[in-house]
$ cat coords-v8.csv   # CSV, C-alpha atoms and all ligand atoms
chain,number,residue,atom,x,y,z
A,8,MET,CA,1.1,-4.5,5.8
A,9,ASN,CA,-0.3,-3.9,2.3
A,10,ILE,CA,0.8,-0.6,0.8
A,11,LEU,CA,-0.4,0.8,-2.5
A,12,VAL,CA,2.5,2.8,-3.9
A,13,THR,CA,1.6,4.8,-7.0
A,14,GLY,CA,4.1,6.1,-9.6
A,15,GLY,CA,6.6,3.5,-8.4
A,16,ALA,CA,8.2,3.2,-11.9
A,17,GLY,CA,9.3,6.8,-11.9
A,18,PHE,CA,12.5,8.3,-10.5
A,19,ILE,CA,11.6,8.8,-6.8
A,20,GLY,CA,9.0,6.0,-6.5
A,21,SER,CA,11.4,3.4,-7.9
A,22,ASN,CA,14.2,4.5,-5.6
A,23,PHE,CA,11.7,4.3,-2.8
A,24,ILE,CA,10.5,0.8,-3.6
A,25,ASN,CA,14.1,-0.5,-4.2
A,26,HIS,CA,15.1,1.0,-0.9
A,27,ILE,CA,12.2,-0.2,1.2
A,28,LEU,CA,12.3,-3.7,-0.1
A,29,SER,CA,16.0,-4.0,0.4
A,30,GLU,CA,15.5,-3.3,4.1
A,31,ARG,CA,12.1,-4.7,5.1
A,32,ASP,CA,10.1,-7.8,4.6
A,33,ASP,CA,7.2,-6.7,6.8
A,34,VAL,CA,5.5,-4.8,3.9
A,35,PHE,CA,3.8,-5.9,0.7
A,36,ILE,CA,4.1,-3.2,-2.0
A,37,PHE,CA,1.6,-3.0,-4.8
A,38,ASN,CA,3.0,-0.6,-7.4
A,39,LEU,CA,0.3,1.0,-9.5
A,40,ASP,CA,1.9,2.9,-12.4
A,41,LYS,CA,0.6,4.0,-15.8
A,42,LEU,CA,4.1,3.7,-17.4
A,43,THR,CA,3.9,7.2,-19.0
A,44,TYR,CA,7.1,8.4,-20.8
A,45,ALA,CA,8.6,8.8,-17.3
A,46,GLY,CA,7.7,5.3,-16.0
A,47,ASN,CA,10.3,2.6,-16.6
A,48,LEU,CA,10.2,-1.0,-15.3
A,49,GLU,CA,13.9,-1.3,-15.8
A,50,ASN,CA,14.2,0.9,-12.7
A,51,LEU,CA,12.7,-1.9,-10.6
A,52,LYS,CA,15.1,-4.7,-11.5
A,53,PRO,CA,16.3,-5.1,-7.9
A,54,VAL,CA,12.7,-6.1,-6.7
A,55,GLU,CA,11.5,-8.1,-9.7
A,56,GLY,CA,10.4,-11.5,-8.5
A,57,LYS,CA,10.3,-10.6,-4.8
A,58,LYS,CA,7.3,-12.3,-3.1
A,59,ASN,CA,6.3,-9.1,-1.3
A,60,TYR,CA,6.1,-7.0,-4.5
A,61,GLN,CA,3.6,-6.7,-7.3
A,62,PHE,CA,3.5,-4.4,-10.3
A,63,ILE,CA,0.1,-3.3,-11.7
A,64,ARG,CA,0.0,-1.3,-14.9
A,65,GLY,CA,-2.8,1.3,-14.6
A,66,ASP,CA,-3.9,4.8,-14.3
A,67,ILE,CA,-4.7,6.4,-10.9
A,68,THR,CA,-7.6,8.3,-12.6
A,69,ASN,CA,-9.3,5.0,-13.3
A,70,ASN,CA,-12.0,4.7,-10.6
A,71,GLU,CA,-13.0,1.1,-11.3
A,72,LEU,CA,-9.4,-0.2,-11.4
A,73,VAL,CA,-8.5,1.7,-8.2
A,74,ASP,CA,-11.6,0.3,-6.4
A,75,TYR,CA,-10.7,-3.2,-7.6
A,76,ILE,CA,-7.2,-2.9,-6.3
A,77,PHE,CA,-8.3,-1.6,-2.9
A,78,LYS,CA,-10.8,-4.5,-2.5
A,79,LYS,CA,-8.8,-7.3,-4.0
A,80,TYR,CA,-5.6,-6.5,-2.1
A,81,SER,CA,-7.1,-5.2,1.1
A,82,ILE,CA,-5.2,-2.0,0.8
A,83,LYS,CA,-4.8,-0.1,4.1
A,84,TYR,CA,-2.0,2.3,3.2
A,85,VAL,CA,-1.3,4.6,0.3
A,86,ILE,CA,1.8,6.5,-0.8
A,87,ASN,CA,1.0,8.6,-3.8
A,88,PHE,CA,4.1,9.4,-5.9
A,89,ALA,CA,2.2,9.3,-9.2
A,90,ALA,CA,2.2,12.6,-11.0
A,91,GLU,CA,3.1,14.4,-14.1
A,92,SER,CA,6.3,16.0,-12.6
A,93,HIS,CA,8.0,18.2,-15.1
A,94,VAL,CA,7.4,22.0,-15.0
A,95,ASP,CA,8.5,22.6,-18.7
A,96,ARG,CA,6.0,20.0,-19.9
A,97,SER,CA,3.3,21.6,-17.9
A,98,ILE,CA,4.0,24.8,-19.7
A,99,LEU,CA,3.8,23.1,-23.1
A,100,GLY,CA,0.4,21.5,-22.1
A,101,SER,CA,-1.3,21.5,-18.8
A,102,GLU,CA,-4.4,19.3,-19.2
A,103,ILE,CA,-2.7,16.0,-18.3
A,104,PHE,CA,-1.2,17.6,-15.2
A,105,TYR,CA,-4.6,18.5,-13.8
A,106,ARG,CA,-6.0,15.1,-14.8
A,107,THR,CA,-3.4,13.0,-13.2
A,108,ASN,CA,-2.3,15.2,-10.3
A,109,VAL,CA,-5.7,16.5,-9.3
A,110,ILE,CA,-8.3,14.0,-10.5
A,111,GLY,CA,-6.0,11.1,-9.9
A,112,THR,CA,-5.5,12.1,-6.3
A,113,ASN,CA,-9.2,12.5,-5.9
A,114,VAL,CA,-9.8,9.0,-7.1
A,115,LEU,CA,-7.3,7.6,-4.6
A,116,LEU,CA,-8.7,9.7,-1.8
A,117,GLU,CA,-12.3,8.6,-2.5
A,118,ALA,CA,-11.2,4.9,-2.5
A,119,SER,CA,-9.2,5.5,0.7
A,120,ARG,CA,-12.4,6.8,2.3
A,121,ARG,CA,-14.5,3.9,1.1
A,122,TYR,CA,-12.0,1.3,2.4
A,123,ASN,CA,-11.2,3.1,5.7
A,124,ILE,CA,-7.5,3.2,5.1
A,125,GLU,CA,-5.1,3.8,8.0
A,126,LYS,CA,-2.7,6.2,6.3
A,127,PHE,CA,-2.6,8.2,3.1
A,128,LEU,CA,0.7,9.9,2.3
A,129,GLN,CA,0.7,12.5,-0.4
A,130,VAL,CA,4.2,13.2,-1.9
A,131,SER,CA,4.2,16.9,-2.7
A,132,THR,CA,6.7,19.6,-3.5
A,133,ASP,CA,8.1,22.8,-2.2
A,134,GLU,CA,6.9,24.4,-5.4
A,135,VAL,CA,3.5,24.9,-3.8
A,136,TYR,CA,5.0,27.7,-1.8
A,137,GLY,CA,5.9,29.8,-4.9
A,138,SER,CA,9.2,31.6,-5.2
A,139,LEU,CA,11.5,33.2,-2.6
A,140,GLY,CA,13.5,36.4,-2.8
A,141,SER,CA,17.2,36.3,-1.9
A,142,THR,CA,16.5,35.5,1.8
A,143,GLY,CA,14.1,33.4,3.8
A,144,LEU,CA,13.0,29.8,3.8
A,145,PHE,CA,9.7,27.9,3.1
A,146,THR,CA,8.1,26.6,6.3
A,147,GLU,CA,5.0,24.5,6.5
A,148,THR,CA,3.0,27.7,7.2
A,149,THR,CA,4.2,29.6,4.2
A,150,PRO,CA,1.1,30.5,2.2
A,151,ILE,CA,0.4,28.5,-0.9
A,152,THR,CA,1.3,30.5,-4.0
A,153,THR,CA,1.7,28.7,-7.3
A,154,ASN,CA,3.3,29.9,-10.5
A,155,SER,CA,3.3,27.0,-13.0
A,156,PRO,CA,0.5,24.6,-14.1
A,157,TYR,CA,2.6,21.9,-12.5
A,158,SER,CA,2.8,23.6,-9.1
A,159,SER,CA,-0.9,24.6,-9.2
A,160,SER,CA,-1.9,21.0,-9.8
A,161,LYS,CA,0.2,19.8,-6.9
A,162,ALA,CA,-1.2,22.5,-4.6
A,163,ALA,CA,-4.8,21.6,-5.6
A,164,ALA,CA,-4.1,18.0,-4.7
A,165,ASP,CA,-2.6,19.1,-1.3
A,166,LEU,CA,-5.6,21.2,-0.5
A,167,MET,CA,-7.9,18.3,-1.4
A,168,VAL,CA,-5.9,15.9,0.8
A,169,GLN,CA,-6.3,18.4,3.7
A,170,ALA,CA,-10.0,18.8,3.0
A,171,PHE,CA,-10.4,15.0,3.2
A,172,HIS,CA,-8.7,15.0,6.6
A,173,HIS,CA,-10.8,17.8,8.0
A,174,THR,CA,-14.1,16.7,6.6
A,175,TYR,CA,-13.9,12.9,6.7
A,176,GLY,CA,-11.2,12.4,9.3
A,177,LEU,CA,-9.0,10.5,6.7
A,178,PRO,CA,-5.6,9.9,8.2
A,179,THR,CA,-3.5,11.9,5.7
A,180,VAL,CA,0.0,13.3,5.8
A,181,ILE,CA,1.7,15.5,3.2
A,182,THR,CA,5.4,15.7,2.5
A,183,ARG,CA,6.8,18.7,0.6
A,184,CYS,CA,10.3,18.1,-0.6
A,185,SER,CA,12.8,20.2,-2.5
A,186,ASN,CA,14.7,19.3,-5.8
A,187,ASN,CA,15.9,15.7,-5.8
A,188,TYR,CA,18.9,14.2,-7.6
A,189,GLY,CA,20.3,10.8,-7.9
A,190,PRO,CA,20.2,7.6,-10.0
A,191,LEU,CA,17.3,6.8,-12.3
A,192,GLN,CA,16.2,10.5,-12.8
A,193,PHE,CA,14.6,11.0,-16.2
A,194,PRO,CA,16.9,13.2,-18.3
A,195,GLU,CA,14.5,16.0,-18.8
A,196,LYS,CA,15.4,17.4,-15.4
A,197,LEU,CA,18.4,19.7,-14.9
A,198,ILE,CA,21.1,17.4,-13.5
A,199,PRO,CA,20.7,14.3,-15.7
A,200,LEU,CA,20.1,16.5,-18.7
A,201,MET,CA,23.3,18.4,-18.2
A,202,ILE,CA,25.3,15.2,-17.4
A,203,ILE,CA,24.0,13.5,-20.6
A,204,ASN,CA,24.5,16.5,-22.8
A,205,THR,CA,28.0,16.9,-21.6
A,206,LEU,CA,28.8,13.3,-22.3
A,207,ASN,CA,27.2,13.6,-25.8
A,208,GLY,CA,29.0,16.9,-26.6
A,209,LYS,CA,25.7,18.8,-26.8
A,210,ARG,CA,25.2,22.4,-25.7
A,211,LEU,CA,24.1,22.9,-22.1
A,212,PRO,CA,20.9,25.1,-22.2
A,213,ILE,CA,20.7,27.4,-19.2
A,214,TYR,CA,17.4,29.2,-18.8
A,215,GLY,CA,17.7,33.0,-18.2
A,216,ASP,CA,20.7,34.2,-16.3
A,217,GLY,CA,21.4,30.9,-14.6
A,218,LEU,CA,21.1,32.5,-11.2
A,219,ASN,CA,17.9,30.8,-10.1
A,220,VAL,CA,18.4,28.8,-7.0
A,221,ARG,CA,17.2,25.3,-6.1
A,222,ASP,CA,17.7,23.4,-2.8
A,223,TRP,CA,19.1,20.0,-3.6
A,224,ILE,CA,18.5,16.7,-1.8
A,225,TYR,CA,19.7,13.2,-2.6
A,226,VAL,CA,16.8,11.0,-3.5
A,227,ILE,CA,17.6,8.4,-0.8
A,228,ASP,CA,17.4,11.1,1.9
A,229,HIS,CA,14.1,12.2,0.6
A,230,ASN,CA,12.8,8.6,0.6
A,231,LYS,CA,14.0,7.9,4.1
A,232,ALA,CA,12.0,11.0,5.2
A,233,VAL,CA,8.9,9.7,3.3
A,234,GLU,CA,9.3,6.4,5.1
A,235,LEU,CA,9.5,8.1,8.5
A,236,VAL,CA,6.5,10.4,7.9
A,237,PHE,CA,4.6,7.4,6.7
A,238,GLU,CA,5.3,5.6,10.0
A,239,LYS,CA,5.3,8.4,12.5
A,240,GLY,CA,3.8,11.5,10.9
A,241,ARG,CA,0.8,12.9,12.7
A,242,ALA,CA,-2.5,12.8,10.7
A,243,GLY,CA,-3.4,16.1,9.1
A,244,GLU,CA,0.1,17.4,9.2
A,245,VAL,CA,2.5,18.7,6.5
A,246,TYR,CA,6.2,18.0,6.7
A,247,ASN,CA,8.8,19.9,4.7
A,248,ILE,CA,11.9,17.9,3.5
A,249,GLY,CA,15.1,19.5,2.4
A,250,ALA,CA,18.9,19.1,2.9
A,251,SER,CA,19.8,22.9,3.0
A,252,ARG,CA,21.9,22.7,-0.1
A,253,GLU,CA,21.1,25.8,-2.1
A,254,MET,CA,22.8,26.1,-5.5
A,255,LYS,CA,22.5,28.4,-8.4
A,256,ASN,CA,21.8,26.5,-11.6
A,257,ILE,CA,25.0,27.8,-13.2
A,258,GLU,CA,27.0,26.4,-10.2
A,259,ILE,CA,25.4,23.0,-10.8
A,260,VAL,CA,26.3,23.0,-14.5
A,261,LYS,CA,29.9,24.1,-13.9
A,262,LEU,CA,30.3,21.5,-11.2
A,263,ILE,CA,29.1,18.8,-13.7
A,264,LEU,CA,31.5,20.1,-16.4
A,265,ASN,CA,34.3,20.2,-14.0
A,266,LYS,CA,33.7,16.6,-12.8
A,267,LEU,CA,33.5,15.4,-16.4
A,268,GLY,CA,36.7,17.3,-17.4
A,269,LYS,CA,34.9,19.5,-20.0
A,270,THR,CA,35.1,23.2,-20.5
A,271,GLU,CA,32.5,26.0,-19.9
A,272,ASP,CA,32.2,26.9,-23.6
A,273,MET,CA,29.5,24.1,-23.8
A,274,ILE,CA,27.2,26.4,-21.8
A,275,GLU,CA,24.6,28.3,-23.8
A,276,TYR,CA,22.2,30.8,-22.1
A,277,VAL,CA,18.8,30.3,-23.7
A,278,LYS,CA,15.4,31.9,-23.4
A,279,ASP,CA,14.0,31.8,-19.9
A,280,ARG,CA,11.3,29.5,-18.6
A,281,PRO,CA,8.0,31.5,-18.5
A,282,GLY,CA,7.1,32.2,-14.9
A,283,HIS,CA,10.4,30.8,-13.7
A,284,ASP,CA,10.5,30.7,-9.9
A,285,ARG,CA,13.7,32.5,-8.7
A,286,ARG,CA,14.6,30.6,-5.5
A,287,TYR,CA,13.5,27.7,-3.5
A,288,ALA,CA,14.8,26.9,0.0
A,289,ILE,CA,13.4,24.6,2.6
A,290,ASP,CA,13.2,24.9,6.4
A,291,SER,CA,13.0,21.3,7.6
A,292,THR,CA,13.1,22.0,11.3
A,293,LYS,CA,9.7,20.4,11.9
A,294,ILE,CA,10.6,16.9,10.5
A,295,GLN,CA,14.0,17.1,12.2
A,296,THR,CA,12.7,18.0,15.7
A,297,GLU,CA,9.4,16.1,15.7
A,298,LEU,CA,10.4,12.9,13.9
A,299,GLY,CA,14.2,12.9,14.3
A,300,TRP,CA,15.0,12.9,10.5
A,301,LYS,CA,18.1,14.5,9.1
A,302,PRO,CA,19.8,14.2,5.7
A,303,THR,CA,22.7,11.8,5.7
A,304,PHE,CA,24.3,12.3,2.2
A,305,GLU,CA,26.9,15.0,1.7
A,306,PHE,CA,26.3,16.9,-1.5
A,307,GLU,CA,29.6,16.6,-3.3
A,308,GLN,CA,29.9,12.9,-2.6
A,309,ALA,CA,26.3,12.2,-3.6
A,310,MET,CA,26.8,14.3,-6.8
A,311,ASP,CA,29.8,12.1,-7.6
A,312,ASN,CA,27.7,9.0,-7.0
A,313,THR,CA,25.1,10.4,-9.4
A,314,ILE,CA,27.5,11.3,-12.2
A,315,GLU,CA,29.1,7.9,-11.8
A,316,TRP,CA,25.8,6.2,-12.0
A,317,TYR,CA,25.0,7.9,-15.3
A,318,LEU,CA,28.5,7.0,-16.6
A,319,ALA,CA,27.9,3.4,-15.7
A,320,ASN,CA,24.4,3.2,-17.0
A,321,LYS,CA,24.6,4.6,-20.5
A,322,ASP,CA,22.3,1.8,-21.8
A,323,TRP,CA,19.6,3.0,-19.5
A,324,TRP,CA,19.6,6.6,-20.7
A,325,GLN,CA,20.5,5.9,-24.3
A,326,ARG,CA,17.3,3.8,-24.6
A,327,ILE,CA,15.4,6.8,-23.3
A,328,ILE,CA,16.9,9.5,-25.4
A,329,SER,CA,16.6,7.6,-28.6
A,330,GLY,CA,12.8,7.4,-28.3
A,331,GLU,CA,10.0,9.9,-27.9
A,332,TYR,CA,12.5,12.1,-25.9
A,333,GLN,CA,13.9,13.4,-29.2
A,334,ASN,CA,10.5,14.9,-30.1
A,335,TYR,CA,10.2,16.5,-26.7
A,336,TYR,CA,13.8,17.9,-26.9
A,337,GLU,CA,13.1,19.5,-30.3
A,338,VAL,CA,9.9,21.1,-29.0
A,339,GLN,CA,11.4,22.3,-25.7
A,340,TYR,CA,14.8,23.4,-26.9
A,341,GLY,CA,14.6,23.7,-30.7
A,342,ASN,CA,13.6,27.4,-30.8
A,343,ARG,CA,15.3,28.6,-27.6
A,401,LIG,P1,8.6,11.0,-12.5
A,401,LIG,O1,8.0,11.8,-13.5
A,401,LIG,O2,10.0,10.5,-12.6
A,401,LIG,O3,7.7,9.7,-12.2
A,401,LIG,C1,6.3,9.8,-12.2
A,401,LIG,C2,5.7,8.4,-12.3
A,401,LIG,O4,4.3,8.4,-12.2
A,401,LIG,C3,6.0,7.6,-13.6
A,401,LIG,O5,6.4,6.3,-13.3
A,401,LIG,C4,4.7,7.7,-14.3
A,401,LIG,O6,4.5,6.5,-15.2
A,401,LIG,C5,3.7,7.6,-13.2
A,401,LIG,N1,2.4,8.2,-13.5
A,401,LIG,C6,2.2,9.4,-14.2
A,401,LIG,N2,0.9,9.5,-14.4
A,401,LIG,C7,0.2,8.4,-13.8
A,401,LIG,C8,-1.1,8.0,-13.7
A,401,LIG,N3,-2.1,8.8,-14.2
A,401,LIG,N4,-1.4,6.9,-13.1
A,401,LIG,C9,-0.4,6.1,-12.6
A,401,LIG,N5,0.9,6.4,-12.7
A,401,LIG,C10,1.2,7.6,-13.3
A,401,LIG,O7,8.4,11.8,-11.1
A,401,LIG,P2,9.4,11.9,-9.8
A,401,LIG,O8,10.4,12.9,-10.0
A,401,LIG,O9,9.8,10.5,-9.4
A,401,LIG,O10,8.3,12.5,-8.8
A,401,LIG,C11,7.5,11.7,-8.0
A,401,LIG,C12,6.6,12.5,-7.1
A,401,LIG,O11,7.5,13.3,-6.2
A,401,LIG,C13,5.7,13.5,-7.8
A,401,LIG,O12,4.5,13.5,-7.2
A,401,LIG,C14,6.4,14.8,-7.7
A,401,LIG,O13,5.5,15.9,-7.8
A,401,LIG,C15,7.1,14.7,-6.4
A,401,LIG,N6,8.3,15.5,-6.2
A,401,LIG,C16,9.3,15.4,-7.1
A,401,LIG,C17,10.5,16.1,-6.8
A,401,LIG,C18,11.7,16.0,-7.8
A,401,LIG,O14,12.7,16.7,-7.6
A,401,LIG,N7,11.7,15.2,-8.8
A,401,LIG,C19,10.6,16.9,-5.7
A,401,LIG,C20,9.5,17.0,-4.8
A,401,LIG,C21,8.4,16.2,-5.0
A,402,LIG,O1,11.3,21.7,-6.1
A,402,LIG,C1,10.8,20.5,-6.4
A,402,LIG,C2,10.5,20.3,-7.8
A,402,LIG,O2,11.8,20.2,-8.5
A,402,LIG,C3,9.7,19.1,-8.1
A,402,LIG,O3,8.4,19.3,-7.6
A,402,LIG,C4,9.6,18.9,-9.7
A,402,LIG,O4,8.8,17.7,-9.9
A,402,LIG,C5,10.9,18.8,-10.2
A,402,LIG,O5,10.9,18.6,-11.7
A,402,LIG,C6,11.8,20.0,-9.9
A,402,LIG,O6,11.3,21.2,-10.5
A,402,LIG,P1,12.3,22.3,-11.1
A,402,LIG,O7,11.6,23.0,-12.2
A,402,LIG,O8,13.0,23.0,-10.1
A,402,LIG,O9,13.4,21.2,-11.8
A,402,LIG,P2,14.2,21.2,-13.2
A,402,LIG,O10,15.2,20.1,-13.1
A,402,LIG,O11,13.2,21.2,-14.3
A,402,LIG,O12,14.9,22.6,-13.2
A,402,LIG,C7,15.8,23.0,-12.2
A,402,LIG,C8,16.3,24.4,-12.5
A,402,LIG,O13,17.1,24.4,-13.7
A,402,LIG,C9,15.2,25.4,-12.8
A,402,LIG,O14,15.5,26.7,-12.3
A,402,LIG,C10,15.2,25.5,-14.3
A,402,LIG,C11,16.6,25.2,-14.7
A,402,LIG,N1,16.8,24.5,-16.0
A,402,LIG,C12,16.2,23.3,-16.2
A,402,LIG,C13,16.4,22.6,-17.4
A,402,LIG,C14,15.7,21.3,-17.6
A,402,LIG,C15,17.7,25.1,-17.0
A,402,LIG,O15,18.2,26.1,-16.8
A,402,LIG,N2,17.8,24.4,-18.2
A,402,LIG,C16,17.2,23.2,-18.4
A,402,LIG,O16,17.4,22.6,-19.5
$ encode --input "coords-v8.csv" --output "structure tokens"
Amino acid sequence: MNILVTGGAGFIGSNFINHILSERDDVFIFNLDKLTYAGNLENLKPVEGKKNYQFIRGDITNNELVDYIFKKYSIKYVINFAAESHVDRSILGSEIFYRTNVIGTNVLLEASRRYNIEKFLQVSTDEVYGSLGSTGLFTETTPITTNSPYSSSKAAADLMVQAFHHTYGLPTVITRCSNNYGPLQFPEKLIPLMIINTLNGKRLPIYGDGLNVRDWIYVIDHNKAVELVFEKGRAGEVYNIGASREMKNIEIVKLILNKLGKTEDMIEYVKDRPGHDRRYAIDSTKIQTELGWKPTFEFEQAMDNTIEWYLANKDWWQRIISGEYQNYYEVQYGNR
């Protein structure tokens, strides 16, 4: 089974490949990744040298390259993780988000059509549903309402995937997951950023009043759901993925401080994110009842694992934050 996994050097994609190849030898994974600032081959050490794994450096927007890969490696399955994934960066500059997330998905869909693939899984996000008030949950029928350049680019891709199913009968499935955490997450995202800043004695910048809510899921639970939808999801369908663990941002930050034995005076409330979605919360009844998935990691335990991973892997994140990251950090947080 030849599977093209895109974006497999990023946070979720690398956890996915490491997980799948530790359990299965009936699949061959071709990992197509551009290695942007977020892509890191160090993440894939566990699968280096495996005979059913091959890395290809390249851009999903490159038509010729994508066509060549489908033909040469007889690709019949696609799992599209590749994306520009950070909301704050999309606010600083949106063009690359539409290029990769929209045009890139189009290139993959067109190739999938030409080569009659058997399944195309689009890894999407709950952000396509916009923002909730203090009650209610996102279901698969919640209308698409997007508030950031990032979420609008992901929604555009989702609509395109559905159009290719309806028009051409392409066997597509879409997963929409809530906020992930776990090992190998790039330290621009809330949890690793706060862990690393705490360890480095830097201020912890909380946007706005800190009461925005996110629904957290451990990355392995997300990836097990992706695997299940890939195998058993019905063509044309959307499946929400979430672990029902709503937390206010300030609660997450205090929990990290507490685990690391530091005090709350490190917290600094800073200017809010423009267009900041207030609350996300996922109803995952469909994947649970139809496919039998449920989350297996308990939040406190998985957060402990995550913090321990960052403590044990300082080299990994020190290499990251000593590079281009410093420029980003200055632009994003310098004037807040
Ligand atoms: P990430 O930013 O950590 O990784 C993205 C990967 O895609 C990187 O390896 C990068 O090099 C690669 N990439 C970017 N542009 C590319 C291009 N043009 N061609 C080929 N490769 C390219 O992102 P992540 O957090 O691992 O997210 C993966 C996917 O999951 C994304 O589609 C994202 O929208 C979705 N998602 C993320 C979360 C989350 O909480 N992180 C939640 C739900 C859905
Ligand atoms: O919901 C799924 C989405 O979750 C994914 O589609 C995105 O790829 C992923 O980046 C994530 O988006 P968020 O914007 O929710 O994640 P982020 O970690 O950037 O922020 C989480 C919350 O924390 C959000 O309310 C903003 C806040 N925040 C974030 C940072 C980086 C802060 O208060 N301070 C910060 O420095």
$ residues_near_ligand --input "coords-v8.csv" --ligand "ligand LIG 402 (chain A)" --cutoff "7 Å" --atoms "only C-alpha atoms and all ligand atoms" --output "count of residues only"
28
$ residues_near_ligand --input "coords-v8.csv" --ligand "ligand LIG 401 (chain A)" --cutoff "8 Å" --atoms "all atoms listed in the file" --output "PDB file with C-alpha atoms, keeping the file's coordinate frame"
ATOM      1  CA  THR A  13       1.600   4.800  -7.000  1.00  0.00           C
ATOM      2  CA  GLY A  14       4.100   6.100  -9.600  1.00  0.00           C
ATOM      3  CA  GLY A  15       6.600   3.500  -8.400  1.00  0.00           C
ATOM      4  CA  ALA A  16       8.200   3.200 -11.900  1.00  0.00           C
ATOM      5  CA  GLY A  17       9.300   6.800 -11.900  1.00  0.00           C
ATOM      6  CA  PHE A  18      12.500   8.300 -10.500  1.00  0.00           C
ATOM      7  CA  ILE A  19      11.600   8.800  -6.800  1.00  0.00           C
ATOM      8  CA  GLY A  20       9.000   6.000  -6.500  1.00  0.00           C
ATOM      9  CA  SER A  21      11.400   3.400  -7.900  1.00  0.00           C
ATOM     10  CA  LEU A  39       0.300   1.000  -9.500  1.00  0.00           C
ATOM     11  CA  ASP A  40       1.900   2.900 -12.400  1.00  0.00           C
ATOM     12  CA  LYS A  41       0.600   4.000 -15.800  1.00  0.00           C
ATOM     13  CA  LEU A  42       4.100   3.700 -17.400  1.00  0.00           C
ATOM     14  CA  THR A  43       3.900   7.200 -19.000  1.00  0.00           C
ATOM     15  CA  TYR A  44       7.100   8.400 -20.800  1.00  0.00           C
ATOM     16  CA  ALA A  45       8.600   8.800 -17.300  1.00  0.00           C
ATOM     17  CA  GLY A  46       7.700   5.300 -16.000  1.00  0.00           C
ATOM     18  CA  ASN A  47      10.300   2.600 -16.600  1.00  0.00           C
ATOM     19  CA  ARG A  64       0.000  -1.300 -14.900  1.00  0.00           C
ATOM     20  CA  GLY A  65      -2.800   1.300 -14.600  1.00  0.00           C
ATOM     21  CA  ASP A  66      -3.900   4.800 -14.300  1.00  0.00           C
ATOM     22  CA  ILE A  67      -4.700   6.400 -10.900  1.00  0.00           C
ATOM     23  CA  THR A  68      -7.600   8.300 -12.600  1.00  0.00           C
ATOM     24  CA  ASN A  87       1.000   8.600  -3.800  1.00  0.00           C
ATOM     25  CA  PHE A  88       4.100   9.400  -5.900  1.00  0.00           C
ATOM     26  CA  ALA A  89       2.200   9.300  -9.200  1.00  0.00           C
ATOM     27  CA  ALA A  90       2.200  12.600 -11.000  1.00  0.00           C
ATOM     28  CA  GLU A  91       3.100  14.400 -14.100  1.00  0.00           C
ATOM     29  CA  SER A  92       6.300  16.000 -12.600  1.00  0.00           C
ATOM     30  CA  HIS A  93       8.000  18.200 -15.100  1.00  0.00           C
ATOM     31  CA  ARG A 106      -6.000  15.100 -14.800  1.00  0.00           C
ATOM     32  CA  THR A 107      -3.400  13.000 -13.200  1.00  0.00           C
ATOM     33  CA  ASN A 108      -2.300  15.200 -10.300  1.00  0.00           C
ATOM     34  CA  GLY A 111      -6.000  11.100  -9.900  1.00  0.00           C
ATOM     35  CA  GLN A 129       0.700  12.500  -0.400  1.00  0.00           C
ATOM     36  CA  VAL A 130       4.200  13.200  -1.900  1.00  0.00           C
ATOM     37  CA  SER A 131       4.200  16.900  -2.700  1.00  0.00           C
ATOM     38  CA  THR A 132       6.700  19.600  -3.500  1.00  0.00           C
ATOM     39  CA  ASP A 133       8.100  22.800  -2.200  1.00  0.00           C
ATOM     40  CA  GLU A 134       6.900  24.400  -5.400  1.00  0.00           C
ATOM     41  CA  LYS A 161       0.200  19.800  -6.900  1.00  0.00           C
ATOM     42  CA  ARG A 183       6.800  18.700   0.600  1.00  0.00           C
ATOM     43  CA  CYS A 184      10.300  18.100  -0.600  1.00  0.00           C
ATOM     44  CA  SER A 185      12.800  20.200  -2.500  1.00  0.00           C
ATOM     45  CA  ASN A 186      14.700  19.300  -5.800  1.00  0.00           C
ATOM     46  CA  ASN A 187      15.900  15.700  -5.800  1.00  0.00           C
ATOM     47  CA  TYR A 188      18.900  14.200  -7.600  1.00  0.00           C
ATOM     48  CA  GLN A 192      16.200  10.500 -12.800  1.00  0.00           C
ATOM     49  CA  PHE A 193      14.600  11.000 -16.200  1.00  0.00           C
ATOM     50  CA  LYS A 196      15.400  17.400 -15.400  1.00  0.00           C
TER      51      LYS A 196
END
$ closest_residue --input "coords-v8.csv" --among "A:Arg96, A:Glu315, A:Leu166, A:Val236" --to "Asn113 (chain A)" --atoms "only C-alpha atoms"
A:Leu166
$ atom_distance --input "coords-v8.csv" --atom1 "CA of Glu258 (chain A)" --atom2 "CA of Val233 (chain A)"
28.1 Å
$ closest_residue --input "coords-v8.csv" --among "A:Thr146, A:Glu117, A:Ile224, A:Val135" --to "Ala170 (chain A)" --atoms "all atoms listed in the file"
A:Glu117
$ closest_residue --input "coords-v8.csv" --among "A:Asn312, A:Thr148, A:Asn38, A:Asn334" --to "Tyr60 (chain A)" --atoms "only C-alpha atoms"
A:Asn38
$ atom_distance --input "coords-v8.csv" --atom1 "CA of Leu48 (chain A)" --atom2 "CA of Lys79 (chain A)"
23.0 Å
$ residues_around --input "coords-v8.csv" --residues "Ile202 (chain A)" --least-positions-apart "6" --cutoff "10 Å" --atoms "only C-alpha atoms" --output "list in words"
Pro194, Leu211, Val260, Ile263, Leu264, Lys266, Leu267, Thr313, Ile314, Glu315, Tyr317 and Leu318 of chain A
$ write_last_selection --input "coords-v8.csv" --atoms "C-alpha atoms" --output "compact mmCIF listing (two decimals), in the coordinates of the input"
# COMPACT_ATOMS: atom_id res chain seq x y z
CA PRO A 194 16.90 13.20 -18.30
CA LEU A 211 24.10 22.90 -22.10
CA VAL A 260 26.30 23.00 -14.50
CA ILE A 263 29.10 18.80 -13.70
CA LEU A 264 31.50 20.10 -16.40
CA LYS A 266 33.70 16.60 -12.80
CA LEU A 267 33.50 15.40 -16.40
CA THR A 313 25.10 10.40 -9.40
CA ILE A 314 27.50 11.30 -12.20
CA GLU A 315 29.10 7.90 -11.80
CA TYR A 317 25.00 7.90 -15.30
CA LEU A 318 28.50 7.00 -16.60
